[in-house]
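Let me begin by presenting the structure, written as structure tokens, before commenting on it.
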Amino acid sequence: MSPIVPSLPPHLVQLGFDYVLAVETGDDATTARFAPEAEQLPGLLPAIAELVVFPVTALSDDSDPCADSFVPDEVGVIYLMAIRGWAAHAPATAAPGIARTIAHFVGQVLAAAPTDVVRALQELHDEQVARAHAVAENVVTLHR
């Protein structure tokens with residue numbers, strides 16, 4: 001299942017994940033370097049959150065829906081709505097908190113152990129940047 005946000009260009013996927021990684025690792029110099037651009041794009045971190053959350057919580061096309069199968073879907077929707085609202089209402093100050101929230105989700109839901117957050121984020125980074133490049137290449141091919 002694909003995310004509901006339009007495809008992000010590879011450089012924005014790279015920027016978003018680099019910012020989240022810098023915040024998570026406590027790399028203040030790198031965070032400061034990425035912060036101005038990340039903060040000027042208030043939709044960037046919510047889009048990165050969607051790339052992380054949506055594949056895990058969305059109702060799968062290949063499952064038989066039941067009452068319980070809608071719970072993760074709705075939790076994911078609420079989670080993403082809260083992040084979007086946070087970014088919209090406090091764009092200059094929300095970025096570090098959203099980055100920490102994304103990292104926390106990865107640690108609690110996707111990482112093999114909460115201590116593997118950075119490794120899991122790096123794997124997501126690599127996967128999503130590669131996917132963004134593939135989508136960008138397909139768009140260029142279609143326009144030829």
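Just so we're on the same page: first chain in the structure tokens is A, next is B, and so on; residues restart at 1 for each chain, and ligands are numbered from 1 in the order they show up.
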
TODO: May I have the residues within 8 Å of range 96-110 of chain A as an NGL selection string, using only C-alpha atoms and disregarding those fewer than 6 positions away in the same chain?
DONE: :A and (19-21 or 23-24 or 45-46 or 49 or 52-53 or 83 or 87 or 116-117 or 120-121)

Please identify all polymer residues within 10 Å of Trp86 in chain A, counting only C-alpha atoms, omitting same-chain residues fewer than 4 positions from it, and present them as a short mmCIF file (atom, residue, chain, number, x, y, z; two decimals) with N, CA, C and O atoms, in the first residue's frame.
```
data_model
loop_
_atom_site.label_atom_id
_atom_site.label_comp_id
_atom_site.auth_asym_id
_atom_site.auth_seq_id
_atom_site.Cartn_x
_atom_site.Cartn_y
_atom_site.Cartn_z
N PRO A 42 6.85 23.35 6.47
CA PRO A 42 6.08 22.76 7.57
C PRO A 42 5.40 21.44 7.22
O PRO A 42 5.09 20.66 8.10
N PRO A 46 5.57 16.12 8.58
CA PRO A 46 4.35 15.31 8.53
C PRO A 46 4.36 14.32 7.36
O PRO A 46 3.88 13.18 7.50
N LEU A 80 -1.28 10.85 12.63
CA LEU A 80 -0.85 11.73 11.54
C LEU A 80 -1.61 13.06 11.57
O LEU A 80 -1.03 14.11 11.27
N MET A 81 -2.88 13.05 11.95
CA MET A 81 -3.64 14.29 12.07
C MET A 81 -3.04 15.19 13.14
O MET A 81 -2.92 16.41 12.96
N ALA A 82 -2.64 14.59 14.25
CA ALA A 82 -2.03 15.37 15.33
C ALA A 82 -0.72 15.99 14.88
O ALA A 82 -0.44 17.16 15.16
N ALA A 90 2.24 25.48 14.74
CA ALA A 90 3.51 25.95 15.33
C ALA A 90 4.67 25.55 14.43
O ALA A 90 5.58 24.85 14.87
N PRO A 91 4.66 26.00 13.15
CA PRO A 91 5.67 25.51 12.21
C PRO A 91 7.11 25.80 12.62
O PRO A 91 7.99 24.99 12.35
N THR A 93 8.40 25.95 15.65
CA THR A 93 8.87 25.24 16.84
C THR A 93 8.53 23.75 16.85
O THR A 93 9.02 23.02 17.70
N ALA A 94 7.70 23.31 15.92
CA ALA A 94 7.23 21.92 15.93
C ALA A 94 8.26 20.92 15.43
O ALA A 94 8.23 19.76 15.84
N ALA A 95 9.16 21.34 14.56
CA ALA A 95 10.06 20.39 13.89
C ALA A 95 10.81 19.45 14.83
O ALA A 95 10.78 18.23 14.63
N GLY A 97 10.13 18.46 17.87
CA GLY A 97 9.18 17.57 18.54
C GLY A 97 8.61 16.53 17.60
O GLY A 97 8.45 15.37 17.97
N ILE A 98 8.31 16.93 16.37
CA ILE A 98 7.81 15.98 15.39
C ILE A 98 8.89 14.95 15.07
O ILE A 98 8.62 13.75 14.97
#
```

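Within the 12 Å cut-off around Ser7 in chain A, using only C-alpha atoms and omitting residues fewer than 2 positions from it on the same chain, the listed residues are Ser2, Pro3, Ile4, Val5, Pro9, Pro10, His11, Leu12, Val13, Leu44, Ala47, Ile48, Glu50, Leu51, Gln128, Val129, Arg131, Ala132, His133, Ala134, Val135, Ala136, Glu137, Asn138 and Val139 of chain A.
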
Task: Å distance separating CA of Leu8 in chain A from CA of Ala38 in chain A, one decimal place - done: 13.6 Å

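For the atom pair formed by CA of Val75 in chain A and CA of Leu41 in chain A, the distance is 25.0 Å, given to one decimal.
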